[in-house]
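Peer 1: entry-v6.txt is reproduced below (compact mmCIF, C-alpha atoms and all ligand atoms).
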```txt
# COMPACT_ATOMS: atom_id res chain seq x y z
CA MET A 1 191.69 -231.30 -114.79
CA LYS A 2 192.56 -233.83 -117.50
CA GLY A 3 196.12 -235.15 -117.86
CA GLU A 4 198.88 -233.34 -119.77
CA SER A 5 198.04 -232.85 -123.42
CA GLN A 6 199.84 -231.28 -126.31
CA VAL A 7 198.52 -229.50 -129.34
CA VAL A 8 200.16 -228.86 -132.69
CA VAL A 9 199.36 -225.52 -134.31
CA ARG A 10 200.03 -225.16 -138.04
CA PRO A 11 200.70 -221.83 -139.76
CA ALA A 12 197.64 -220.10 -141.19
CA ARG A 13 196.78 -217.74 -144.03
CA ASN A 14 193.87 -216.00 -142.35
CA VAL A 15 191.26 -216.11 -139.64
CA ARG A 16 187.65 -215.67 -140.60
CA GLY A 17 184.25 -216.32 -139.05
CA VAL A 18 181.89 -215.60 -136.20
CA VAL A 19 182.94 -216.32 -132.64
CA GLU A 20 180.63 -216.13 -129.64
CA LEU A 21 182.50 -216.19 -126.34
CA PRO A 22 181.52 -217.90 -123.10
CA GLY A 23 180.68 -215.56 -120.24
CA ASP A 24 183.36 -213.33 -118.82
CA LYS A 25 185.43 -215.03 -116.13
CA SER A 26 185.72 -212.00 -113.84
CA ILE A 27 181.98 -211.33 -113.90
CA SER A 28 181.07 -215.02 -113.51
CA HIS A 29 183.12 -215.32 -110.28
CA ARG A 30 181.55 -212.21 -108.81
CA TYR A 31 177.99 -213.12 -109.74
CA ALA A 32 178.34 -216.64 -108.29
CA MET A 33 179.70 -215.27 -105.01
CA LEU A 34 177.15 -212.47 -104.70
CA ALA A 35 174.25 -214.75 -105.69
CA GLY A 36 175.34 -217.02 -102.81
CA ILE A 37 175.04 -214.26 -100.20
CA ALA A 38 171.96 -212.67 -101.75
CA GLU A 39 168.41 -213.22 -100.61
CA GLY A 40 166.34 -215.21 -103.09
CA ALA A 41 167.23 -217.08 -106.23
CA SER A 42 169.55 -216.01 -109.05
CA ARG A 43 169.81 -217.26 -112.59
CA LEU A 44 173.06 -216.78 -114.50
CA GLU A 45 173.06 -217.38 -118.24
CA ASN A 46 176.26 -217.77 -120.25
CA TYR A 47 178.26 -218.45 -117.06
CA SER A 48 181.96 -218.96 -117.82
CA THR A 49 182.80 -222.51 -118.94
CA GLY A 50 186.29 -222.31 -117.44
CA ALA A 51 187.56 -224.50 -114.60
CA ASP A 52 188.29 -221.41 -112.49
CA CYS A 53 184.64 -220.38 -112.33
CA ALA A 54 183.72 -224.01 -111.60
CA SER A 55 186.08 -223.76 -108.60
CA THR A 56 184.09 -220.78 -107.35
CA LEU A 57 180.82 -222.70 -107.73
CA GLY A 58 182.37 -225.68 -105.91
CA CYS A 59 183.39 -223.46 -103.00
CA MET A 60 179.93 -221.87 -102.84
CA ARG A 61 178.36 -225.33 -102.65
CA ALA A 62 180.77 -226.28 -99.85
CA LEU A 63 179.56 -223.15 -98.03
CA GLY A 64 175.95 -224.36 -98.24
CA VAL A 65 174.78 -222.58 -101.40
CA ALA A 66 172.56 -224.89 -103.48
CA TRP A 67 172.90 -224.48 -107.24
CA LYS A 68 172.25 -226.45 -110.37
CA ARG A 69 173.17 -226.26 -114.01
CA LYS A 70 170.04 -226.22 -116.17
CA ASP A 71 169.67 -227.94 -119.56
CA ASP A 72 170.22 -224.60 -121.32
CA GLY A 73 173.54 -224.22 -119.45
CA ALA A 74 172.30 -221.50 -117.07
CA ILE A 75 173.31 -221.72 -113.41
CA GLU A 76 170.49 -221.32 -110.88
CA LEU A 77 171.52 -220.57 -107.31
CA GLU A 78 169.58 -220.28 -104.07
CA GLY A 79 170.96 -217.37 -102.08
CA ARG A 80 171.69 -217.93 -98.39
CA GLY A 81 171.76 -214.34 -97.28
CA PHE A 82 174.77 -213.39 -95.17
CA SER A 83 174.91 -216.60 -93.23
CA LEU A 84 176.73 -219.46 -94.94
CA ASP A 85 177.45 -222.99 -93.63
CA ALA A 86 180.80 -224.00 -92.19
CA PRO A 87 182.43 -226.13 -94.91
CA GLY A 88 183.01 -229.81 -94.14
CA GLY A 89 186.54 -229.69 -95.62
CA PRO A 90 188.96 -227.28 -97.28
CA LEU A 91 187.60 -224.87 -99.88
CA ASP A 92 189.42 -225.93 -103.04
CA CYS A 93 190.15 -222.88 -105.20
CA GLY A 94 192.05 -224.94 -107.79
CA ASN A 95 194.13 -222.63 -110.00
CA SER A 96 191.99 -219.59 -109.29
CA GLY A 97 193.51 -216.58 -107.58
CA SER A 98 190.21 -214.74 -108.05
CA THR A 99 188.36 -217.42 -106.08
CA MET A 100 190.78 -217.43 -103.20
CA ARG A 101 191.25 -213.67 -102.91
CA MET A 102 187.67 -212.55 -103.45
CA LEU A 103 186.02 -215.34 -101.47
CA SER A 104 188.36 -214.70 -98.54
CA GLY A 105 186.47 -211.40 -98.12
CA ILE A 106 183.19 -213.32 -97.74
CA VAL A 107 184.43 -216.10 -95.44
CA ALA A 108 186.10 -213.44 -93.28
CA GLY A 109 182.57 -212.27 -92.49
CA GLN A 110 181.41 -215.74 -91.33
CA LYS A 111 181.48 -217.01 -87.75
CA PHE A 112 183.47 -220.16 -88.53
CA THR A 113 186.88 -221.21 -89.71
CA SER A 114 187.52 -221.91 -93.39
CA GLU A 115 190.59 -223.39 -94.92
CA MET A 116 191.30 -222.29 -98.49
CA ILE A 117 193.61 -224.40 -100.61
CA GLY A 118 194.81 -224.30 -104.21
CA ASP A 119 196.87 -226.18 -106.77
CA GLU A 120 200.64 -225.94 -107.05
CA SER A 121 200.55 -222.67 -109.00
CA LEU A 122 198.04 -220.97 -106.68
CA SER A 123 200.01 -222.21 -103.65
CA ARG A 124 202.95 -220.08 -104.85
CA ARG A 125 200.94 -216.86 -105.23
CA PRO A 126 201.02 -213.92 -102.81
CA MET A 127 198.09 -213.65 -100.40
CA GLU A 128 199.60 -211.12 -97.99
CA ARG A 129 197.75 -208.47 -100.00
CA VAL A 130 194.41 -209.77 -98.66
CA ILE A 131 195.67 -211.14 -95.32
CA LYS A 132 196.88 -207.75 -94.10
CA PRO A 133 193.71 -205.68 -94.65
CA LEU A 134 191.35 -208.51 -93.64
CA SER A 135 193.33 -208.94 -90.42
CA GLU A 136 193.01 -205.20 -89.81
CA MET A 137 189.27 -205.65 -90.17
CA GLY A 138 189.33 -208.28 -87.43
CA ALA A 139 189.65 -211.65 -89.21
CA LYS A 140 192.16 -214.17 -87.83
CA ILE A 141 194.22 -215.54 -90.69
CA SER A 142 197.12 -217.94 -90.84
CA SER A 143 199.02 -218.85 -93.98
CA ARG A 144 202.25 -220.43 -95.14
CA GLN A 145 204.35 -217.25 -95.01
CA GLY A 146 201.81 -215.20 -96.92
CA LYS A 147 200.98 -218.00 -99.36
CA PRO A 148 198.13 -220.56 -99.43
CA PRO A 149 196.71 -222.49 -97.72
CA LEU A 150 194.84 -219.83 -95.81
CA ARG A 151 192.98 -220.53 -92.56
CA ILE A 152 190.47 -217.81 -91.95
CA THR A 153 188.45 -217.45 -88.78
CA GLY A 154 185.85 -214.81 -89.44
CA GLY A 155 183.37 -213.02 -87.32
CA SER A 156 182.59 -209.49 -86.43
CA LEU A 157 184.50 -207.27 -88.82
CA ARG A 158 185.15 -203.54 -88.50
CA ALA A 159 185.22 -201.23 -91.49
CA ILE A 160 188.60 -199.92 -92.63
CA ASP A 161 190.05 -197.14 -94.63
CA TYR A 162 192.52 -198.80 -96.94
CA LYS A 163 194.92 -197.48 -99.55
CA MET A 164 195.90 -200.51 -101.60
CA PRO A 165 199.64 -200.73 -102.25
CA VAL A 166 199.12 -202.82 -105.43
CA ALA A 167 196.60 -202.16 -108.17
CA SER A 168 194.52 -205.32 -107.91
CA ALA A 169 190.83 -205.74 -108.65
CA GLN A 170 190.87 -208.99 -106.71
CA VAL A 171 192.05 -207.24 -103.55
CA LYS A 172 189.60 -204.36 -104.05
CA SER A 173 186.78 -206.88 -104.49
CA CYS A 174 187.82 -208.88 -101.43
CA LEU A 175 187.65 -205.75 -99.29
CA LEU A 176 184.35 -204.55 -100.71
CA PHE A 177 182.87 -208.00 -100.02
CA ALA A 178 184.27 -207.97 -96.48
CA GLY A 179 182.91 -204.43 -96.14
CA LEU A 180 179.40 -205.81 -96.58
CA PHE A 181 179.84 -207.81 -93.36
CA ALA A 182 181.62 -205.05 -91.43
CA GLU A 183 180.33 -202.55 -88.94
CA GLY A 184 180.63 -199.06 -90.42
CA GLU A 185 181.72 -197.79 -93.82
CA THR A 186 184.68 -199.36 -95.60
CA HIS A 187 186.74 -197.13 -97.84
CA VAL A 188 189.10 -198.61 -100.45
CA GLU A 189 191.44 -196.59 -102.64
CA GLU A 190 193.41 -198.03 -105.54
CA PRO A 191 196.68 -196.58 -106.85
CA LEU A 192 195.72 -197.17 -110.51
CA ARG A 193 192.35 -197.92 -112.03
CA THR A 194 191.45 -201.63 -112.16
CA ARG A 195 188.41 -203.45 -113.50
CA ASP A 196 185.23 -202.31 -111.75
CA HIS A 197 183.02 -205.39 -112.14
CA THR A 198 182.58 -205.72 -108.40
CA GLU A 199 181.26 -202.20 -108.05
CA VAL A 200 178.94 -202.72 -111.03
CA ALA A 201 177.80 -206.17 -109.79
CA LEU A 202 177.15 -204.98 -106.23
CA ARG A 203 174.81 -202.33 -107.60
CA ALA A 204 173.07 -204.96 -109.75
CA PHE A 205 172.42 -206.96 -106.56
CA GLY A 206 170.90 -203.88 -104.93
CA VAL A 207 173.85 -202.59 -102.88
CA GLN A 208 174.58 -198.89 -102.65
CA LEU A 209 178.14 -197.69 -102.89
CA GLN A 210 179.91 -194.42 -103.59
CA ARG A 211 182.58 -194.15 -106.22
CA LYS A 212 184.92 -191.30 -106.85
CA SER A 213 187.75 -191.07 -109.30
CA SER A 214 190.92 -190.03 -107.47
CA GLY A 215 193.09 -189.19 -110.47
CA SER A 216 194.81 -192.37 -111.50
CA GLY A 217 192.57 -194.75 -109.54
CA ASP A 218 189.17 -194.98 -107.90
CA GLU A 219 187.94 -194.62 -104.33
CA VAL A 220 185.00 -196.74 -103.27
CA ARG A 221 182.92 -196.55 -100.09
CA ILE A 222 180.55 -199.26 -98.95
CA ARG A 223 178.36 -199.39 -95.86
CA GLY A 224 178.17 -202.72 -94.04
CA GLY A 225 174.97 -204.64 -93.41
CA GLN A 226 173.30 -203.96 -96.77
CA ARG A 227 171.22 -206.86 -98.03
CA LEU A 228 171.57 -208.22 -101.54
CA ARG A 229 168.74 -209.49 -103.71
CA GLY A 230 169.13 -212.24 -106.32
CA VAL A 231 169.32 -211.36 -110.02
CA GLU A 232 168.61 -212.84 -113.42
CA ALA A 233 171.47 -212.00 -115.71
CA ARG A 234 173.17 -212.96 -118.92
CA ILE A 235 176.94 -212.72 -118.60
CA PRO A 236 178.61 -210.93 -121.53
CA GLY A 237 181.27 -212.70 -123.62
CA ASP A 238 184.77 -212.76 -122.12
CA LEU A 239 186.92 -209.96 -123.55
CA SER A 240 190.17 -211.51 -122.31
CA SER A 241 189.30 -214.71 -124.19
CA ALA A 242 188.31 -212.68 -127.27
CA ALA A 243 191.79 -211.12 -127.06
CA PHE A 244 193.30 -214.29 -128.56
CA PHE A 245 191.08 -214.11 -131.63
CA LEU A 246 191.50 -210.35 -131.97
CA CYS A 247 195.27 -210.80 -131.93
CA ALA A 248 195.02 -213.74 -134.35
CA ALA A 249 193.02 -211.53 -136.73
CA ALA A 250 195.62 -208.80 -136.28
CA LEU A 251 198.29 -211.12 -137.72
CA PHE A 252 196.76 -211.24 -141.20
CA PRO A 253 195.58 -208.26 -143.25
CA GLY A 254 192.85 -210.42 -144.86
CA SER A 255 191.21 -211.54 -141.61
CA GLN A 256 187.54 -210.90 -140.86
CA LEU A 257 185.86 -211.71 -137.58
CA ILE A 258 182.49 -211.02 -136.06
CA ILE A 259 182.26 -211.18 -132.26
CA PRO A 260 178.71 -210.72 -130.91
CA ASN A 261 177.73 -210.01 -127.28
CA LEU A 262 181.18 -209.09 -126.08
CA LEU A 263 181.91 -207.37 -122.78
CA MET A 264 182.95 -203.78 -123.51
CA ASN A 265 183.33 -202.40 -119.97
CA PRO A 266 185.70 -199.42 -120.35
CA THR A 267 187.96 -200.73 -117.53
CA ARG A 268 188.49 -203.88 -119.63
CA ALA A 269 188.34 -202.60 -123.19
CA ARG A 270 191.74 -200.90 -123.39
CA LEU A 271 192.87 -203.74 -125.65
CA LEU A 272 190.47 -202.58 -128.33
CA ASP A 273 191.98 -199.07 -128.31
CA VAL A 274 195.52 -200.40 -128.42
CA LEU A 275 194.81 -202.78 -131.31
CA MET A 276 192.99 -200.03 -133.20
CA GLN A 277 195.91 -197.63 -132.67
CA MET A 278 198.16 -200.38 -134.02
CA GLY A 279 196.01 -200.57 -137.17
CA LEU A 280 193.44 -203.32 -136.59
CA GLY A 281 190.00 -202.41 -137.98
CA ILE A 282 187.35 -202.70 -135.26
CA ALA A 283 183.79 -201.47 -135.68
CA VAL A 284 181.25 -201.72 -132.87
CA THR A 285 177.94 -202.57 -134.48
CA LYS A 286 175.63 -202.87 -131.48
CA LEU A 287 175.99 -201.46 -128.00
CA ASP A 288 173.85 -202.36 -125.03
CA GLU A 289 173.96 -202.38 -121.26
CA ILE A 290 173.15 -205.39 -119.08
CA HIS A 291 173.03 -204.80 -115.33
CA GLY A 292 175.45 -201.92 -115.73
CA GLU A 293 177.94 -203.77 -117.94
CA LEU A 294 178.47 -202.53 -121.50
CA VAL A 295 178.08 -205.19 -124.19
CA GLY A 296 178.78 -204.79 -127.89
CA SER A 297 179.16 -206.66 -131.15
CA LEU A 298 182.42 -206.26 -133.02
CA GLN A 299 183.36 -206.46 -136.66
CA VAL A 300 187.09 -206.94 -137.02
CA GLU A 301 189.31 -206.55 -140.08
CA GLY A 302 192.97 -207.48 -140.15
CA ALA A 303 195.61 -204.96 -141.26
CA ARG A 304 199.33 -204.40 -141.08
CA LEU A 305 200.15 -203.79 -137.44
CA LYS A 306 202.29 -200.93 -136.15
CA GLY A 307 203.88 -201.13 -132.69
CA ALA A 308 202.84 -200.10 -129.18
CA THR A 309 204.15 -199.17 -125.76
CA ILE A 310 202.21 -200.39 -122.74
CA ALA A 311 203.15 -198.69 -119.48
CA GLY A 312 201.74 -196.78 -116.50
CA GLY A 313 197.98 -197.21 -116.05
CA ASP A 314 197.76 -199.26 -119.26
CA SER A 315 199.63 -202.14 -117.63
CA PRO A 316 197.00 -203.03 -114.99
CA ALA A 317 194.28 -202.24 -117.55
CA LEU A 318 195.75 -204.81 -119.96
CA ILE A 319 197.22 -207.21 -117.43
CA ASP A 320 195.56 -210.37 -118.80
CA GLU A 321 196.07 -209.39 -122.45
CA ILE A 322 199.79 -208.58 -122.27
CA PRO A 323 200.85 -212.22 -122.86
CA VAL A 324 199.07 -212.45 -126.21
CA LEU A 325 200.04 -208.90 -127.25
CA SER A 326 203.65 -209.81 -126.49
CA ALA A 327 203.35 -213.08 -128.38
CA ILE A 328 202.35 -211.25 -131.59
CA ALA A 329 204.82 -208.38 -131.03
CA PRO A 330 207.61 -209.78 -133.27
CA TYR A 331 205.21 -209.70 -136.24
CA THR A 332 204.34 -206.02 -135.78
CA GLU A 333 206.23 -203.30 -137.65
CA GLN A 334 207.79 -201.47 -134.68
CA GLY A 335 207.52 -204.05 -131.93
CA ILE A 336 205.95 -203.80 -128.48
CA GLU A 337 207.42 -202.59 -125.23
CA VAL A 338 205.75 -203.46 -121.91
CA ARG A 339 206.77 -201.75 -118.64
CA ASP A 340 205.26 -201.30 -115.15
CA ALA A 341 203.89 -204.83 -115.33
CA ARG A 342 205.83 -206.55 -112.53
CA GLU A 343 202.54 -208.13 -111.39
CA LEU A 344 202.85 -210.46 -114.39
CA ARG A 345 205.58 -212.30 -112.48
CA VAL A 346 203.08 -213.49 -109.84
CA LYS A 347 200.24 -214.65 -112.07
CA GLU A 348 199.43 -218.33 -112.80
CA SER A 349 203.06 -218.46 -114.01
CA ASP A 350 205.82 -215.87 -114.22
CA ARG A 351 204.35 -214.53 -117.43
CA ILE A 352 207.28 -212.27 -118.28
CA ALA A 353 209.71 -215.21 -118.13
CA ALA A 354 207.25 -217.57 -119.88
CA VAL A 355 206.71 -215.19 -122.81
CA ALA A 356 210.44 -214.49 -123.17
CA THR A 357 211.31 -218.21 -123.07
CA ASN A 358 208.74 -219.22 -125.68
CA LEU A 359 209.48 -216.31 -128.02
CA ARG A 360 213.19 -217.16 -127.89
CA LEU A 361 212.42 -220.82 -128.64
CA MET A 362 210.65 -219.54 -131.78
CA GLY A 363 213.80 -217.65 -132.73
CA ALA A 364 212.72 -214.16 -131.62
CA GLN A 365 214.89 -211.50 -130.15
CA VAL A 366 213.48 -210.35 -126.76
CA GLU A 367 214.72 -208.08 -123.98
CA GLU A 368 213.44 -209.16 -120.57
CA HIS A 369 213.08 -206.59 -117.78
CA ASP A 370 212.08 -206.96 -114.17
CA ASP A 371 208.77 -205.21 -114.96
CA GLY A 372 208.23 -206.03 -118.62
CA LEU A 373 209.55 -206.92 -122.04
CA LYS A 374 210.88 -205.19 -125.12
CA ILE A 375 210.19 -207.09 -128.30
CA PRO A 376 211.41 -205.65 -131.60
CA GLY A 377 209.09 -205.84 -134.61
CA GLY A 378 209.72 -207.11 -138.13
CA GLN A 379 210.93 -210.55 -137.01
CA THR A 380 210.36 -213.92 -138.65
CA LEU A 381 209.64 -216.74 -136.22
CA HIS A 382 209.86 -220.49 -136.68
CA GLY A 383 207.71 -223.23 -135.20
CA ALA A 384 209.08 -224.77 -132.02
CA GLU A 385 208.28 -227.03 -129.07
CA LEU A 386 206.86 -224.78 -126.36
CA GLU A 387 205.61 -225.08 -122.79
CA SER A 388 202.41 -223.63 -121.37
CA PHE A 389 204.08 -223.47 -117.94
CA GLY A 390 200.71 -224.70 -116.69
CA ASP A 391 199.27 -221.29 -117.54
CA HIS A 392 196.11 -220.99 -119.66
CA ARG A 393 196.97 -217.60 -121.10
CA ILE A 394 200.47 -218.70 -122.13
CA ALA A 395 199.09 -221.80 -123.91
CA MET A 396 196.56 -219.69 -125.83
CA ALA A 397 198.94 -216.77 -126.55
CA PHE A 398 201.44 -219.07 -128.24
CA ALA A 399 198.79 -220.89 -130.25
CA VAL A 400 198.16 -217.44 -131.76
CA ALA A 401 201.86 -216.67 -132.30
CA ALA A 402 202.22 -220.08 -133.99
CA LEU A 403 199.74 -219.11 -136.71
CA ARG A 404 202.30 -216.85 -138.37
CA ALA A 405 205.45 -218.86 -137.67
CA GLN A 406 207.26 -220.86 -140.30
CA GLY A 407 206.55 -224.53 -139.59
CA ASP A 408 204.46 -226.27 -136.96
CA THR A 409 204.48 -225.43 -133.24
CA LEU A 410 203.87 -227.93 -130.49
CA ILE A 411 202.41 -226.66 -127.23
CA ARG A 412 202.87 -228.90 -124.21
CA GLY A 413 200.45 -228.55 -121.32
CA ALA A 414 197.79 -227.24 -123.73
CA GLU A 415 195.05 -228.52 -121.38
CA SER A 416 195.70 -225.51 -119.15
CA ALA A 417 193.49 -223.53 -121.57
CA ASP A 418 190.59 -225.28 -119.75
CA ILE A 419 191.13 -222.91 -116.83
CA SER A 420 189.42 -220.08 -118.67
CA TYR A 421 188.33 -221.41 -122.06
CA PRO A 422 187.97 -225.17 -122.64
CA ALA A 423 186.80 -224.79 -126.27
CA PHE A 424 189.70 -222.52 -127.24
CA PHE A 425 191.78 -224.78 -129.53
CA GLN A 426 188.72 -226.14 -131.30
CA THR A 427 187.32 -222.64 -131.83
CA LEU A 428 190.65 -221.30 -133.11
CA GLU A 429 190.94 -224.21 -135.53
CA GLY A 430 187.41 -223.52 -136.79
CA LEU A 431 188.31 -219.90 -137.59
CA THR A 432 191.62 -220.61 -139.25
CA GLU A 433 192.08 -220.66 -143.03
CA ARG A 434 195.15 -222.34 -144.48
C1 LIG B 501 190.94 -210.23 -111.96
C2 LIG B 501 191.90 -209.31 -111.66
C3 LIG B 501 193.29 -209.41 -112.15
C4 LIG B 501 193.38 -210.37 -113.32
C5 LIG B 501 192.66 -211.66 -113.07
C6 LIG B 501 191.19 -211.41 -112.81
C7 LIG B 501 189.58 -210.03 -111.42
O1 LIG B 501 194.11 -209.88 -111.10
O2 LIG B 501 194.74 -210.64 -113.63
O3 LIG B 501 192.78 -212.53 -114.17
O4 LIG B 501 188.64 -210.70 -111.87
O5 LIG B 501 189.44 -209.18 -110.54
P1 LIG B 501 194.75 -208.90 -109.99
O6 LIG B 501 193.65 -208.43 -109.12
O7 LIG B 501 195.72 -209.78 -109.24
O8 LIG B 501 195.44 -207.84 -110.76
```
Show how you would write the structure in this file as structure tokens.

Peer 2:
Amino acid sequence: MKGESQVVVRPARNVRGVVELPGDKSISHRYAMLAGIAEGASRLENYSTGADCASTLGCMRALGVAWKRKDDGAIELEGRGFSLDAPGGPLDCGNSGSTMRMLSGIVAGQKFTSEMIGDESLSRRPMERVIKPLSEMGAKISSRQGKPPLRITGGSLRAIDYKMPVASAQVKSCLLFAGLFAEGETHVEEPLRTRDHTEVALRAFGVQLQRKSSGSGDEVRIRGGQRLRGVEARIPGDLSSAAFFLCAAALFPGSQLIIPNLLMNPTRARLLDVLMQMGLGIAVTKLDEIHGELVGSLQVEGARLKGATIAGGDSPALIDEIPVLSAIAPYTEQGIEVRDARELRVKESDRIAAVATNLRLMGAQVEEHDDGLKIPGGQTLHGAELESFGDHRIAMAFAVAALRAQGDTLIRGAESADISYPAFFQTLEGLTER
């Protein structure tokens, strides 16, 4: 990552234009990992440009998976089948919780020891949630009191029946990946529905699994020993990155955006419903399916925004979009209340505290709760000097909030946007009318 940088965001009158998003981060991670353990070659177009997905590719290379970036930007990987190479040094997951948690399910199936490390932020994040079930499956794992670095000695795994205590797609994915290497049928049950890209991707790579909705969450069964075959795929545009532009458009009744080729998977698209209920005009002009993932083109028209309450199953469904929704909340008519989102405290930063701190620096009134925030609407904010807290989504969320503030806003640590979307500030600037 580059050194610390700061960005100044000036107030805007409108956002207008066409924005094509780099490939979805969640899907990019999964495809890179599955392509590595597949048989045959894979070609991934529109792979995420973020540093997190580069961390996954770096780890795959360290595990013996050859890949190259072609002139057209596509990633071509040579699958190794189930047997990877012992890495010559630690697997560096950088800032990426997805890399560490999901890949731990794959290295737990290998007959060698891997050490997984991360940056300062990742080193503070909870890993007990994968350590416990993977240990039950037979992996030997040591950690720094449930936090990285992780030392995983894999080998012969047994299937488990696991009811996840936290709603986490990363944990679900880790266990489904480990289930591929296990003897027997692994059964994973989630308390609330989370993104299902792993289930969809596994099928795209030729794996059979059974899914059943169990009320508020899903149950998934996967039989070990199934072989994967490489794929050629184009990764749909990242909906969580599009969220920043959708929310920017939502700030100004005159905004008009076109977003082609956007991921519309129903387990990710709750943001579109919420913004539409709040008043944003969104029309889906083209709908398609690529390897089981829904992709659409959006036409977006700004409007006056009402308020919203995000709680229960909506909180995990919107977990990555809550920072930007909260950042625009003061400008809505009735405000936004977020509850049941305690997980936000253990993301790349404590996102509840980070949002509250920055909104207050901009002069907003905010109530902070252990599991959320209550932000009244109808407020006028002023520009301020803000921190990204080293968190990509906080840097980008407050660039959006700054567009409707009075006066300029300075965002320190703006380079953290590179984690998911290196071209973010440039793209936002290109869409902004003043
Ligand atoms: C992700 C799952 C979510 C999300 C993260 C990506 C994924 O994390 O916040 O950005 O790709 O599975 P949790 O599994 O911790 O909820």

Peer 1: What does the list of residues within 10 Å of ligand LIG 501 (chain B) look like if you count all atoms listed in the file, written as a VMD selection string?

Peer 2: chain A and resid 24 to 30 96 to 99 101 to 102 125 to 127 129 166 to 174 194 to 198 240 315 to 321 343 to 344 346 to 348 393 420

Peer 1: Which residues are close to A:Thr285, i.e. within 9 Å by only C-alpha atoms, leaving aside same-chain residues fewer than 6 positions away? Reply as number ranges by chain.

Peer 2: A: 260, 296-299

Peer 1: Sort by chain and increasing residue number a table of all residues of stretch 259-338 of chain A within 8 Å of stretch 368-392 of chain A, each with its closest pair of atoms and their distance in Å to one decimal, counting only C-alpha atoms, and write it as JSON lines.

Peer 2:
```
{"residue": "A:Gly307", "atom": "CA", "partner": "A:Gly377", "partner_atom": "CA", "distance": 7.3}
{"residue": "A:Ser326", "atom": "CA", "partner": "A:Ile375", "partner_atom": "CA", "distance": 7.3}
{"residue": "A:Ala329", "atom": "CA", "partner": "A:Gly377", "partner_atom": "CA", "distance": 6.1}
{"residue": "A:Pro330", "atom": "CA", "partner": "A:Gly377", "partner_atom": "CA", "distance": 4.4}
{"residue": "A:Tyr331", "atom": "CA", "partner": "A:Gly378", "partner_atom": "CA", "distance": 5.5}
{"residue": "A:Thr332", "atom": "CA", "partner": "A:Gly377", "partner_atom": "CA", "distance": 4.9}
{"residue": "A:Glu333", "atom": "CA", "partner": "A:Gly377", "partner_atom": "CA", "distance": 4.9}
{"residue": "A:Gln334", "atom": "CA", "partner": "A:Gly377", "partner_atom": "CA", "distance": 4.6}
{"residue": "A:Gly335", "atom": "CA", "partner": "A:Gly377", "partner_atom": "CA", "distance": 3.6}
{"residue": "A:Ile336", "atom": "CA", "partner": "A:Ile375", "partner_atom": "CA", "distance": 5.4}
{"residue": "A:Glu337", "atom": "CA", "partner": "A:Lys374", "partner_atom": "CA", "distance": 4.3}
{"residue": "A:Val338", "atom": "CA", "partner": "A:Gly372", "partner_atom": "CA", "distance": 4.9}
```

Peer 1: Could you check which of A:Arg234, A:Lys147, A:Lys70, A:Lys306 is closest to A:Arg124, using only C-alpha atoms?

Peer 2: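 The shortest atom-to-atom distance to A:Arg124 comes from A:Lys147.
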
Peer 1: My list of candidates is A:Ala12, A:Leu34, A:Leu192, A:Val220. Which is closest to A:Gly254 when distances are computed with all atoms listed in the file?

Peer 2: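 Selected residue with least distance to A:Gly254: A:Ala12.
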
Peer 1: Could you check which of A:Thr427, A:Gln406, A:Ser156, A:Asn14 is closest to A:Ser135, using only C-alpha atoms?

Peer 2: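 For A:Ser135, the nearest of the candidates is A:Ser156.
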
Peer 1: From the list A:Gly154, A:Gly79, A:Pro11, A:Pro22, which residue is nearest A:Ser104 when using all atoms listed in the file?

Peer 2: A:Gly154

Peer 1: Would you kindly return, as a PyMOL selection string, each protein, DNA or RNA residue with an atom no farther than 8 Å from any atom of A:Leu239, considering all atoms listed in the file and excluding same-chain residues fewer than 4 positions away?

Peer 2: chain A and resi 24+243+262-264+268-269

Peer 1: Ranking A:Gly279, A:Gly36, A:Gly292, A:Gly146 by minimum distance to A:Ala308 and counting only C-alpha atoms, which one comes first?

Peer 2: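 Between A:Gly279, A:Gly36, A:Gly292, A:Gly146, the residue approaching A:Ala308 most closely is A:Gly279.
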
Peer 1: Tell me which of A:Pro90, A:Leu202, A:Lys163, A:Lys111 sits closest to A:Pro148, counting only C-alpha atoms.

Peer 2: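 When distances to A:Pro148 are compared using only C-alpha atoms, the smallest one comes from A:Pro90.
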
Peer 1: Name all residues at most 12 Å from A:Leu180 (count all atoms listed in the file; drop same-chain ones fewer than 5 positions away) and give them as a VMD selection string.

Peer 2: chain A and resid 34 37 to 38 81 to 82 105 to 110 137 156 to 160 173 to 175 185 to 187 202 207 to 209 221 to 228
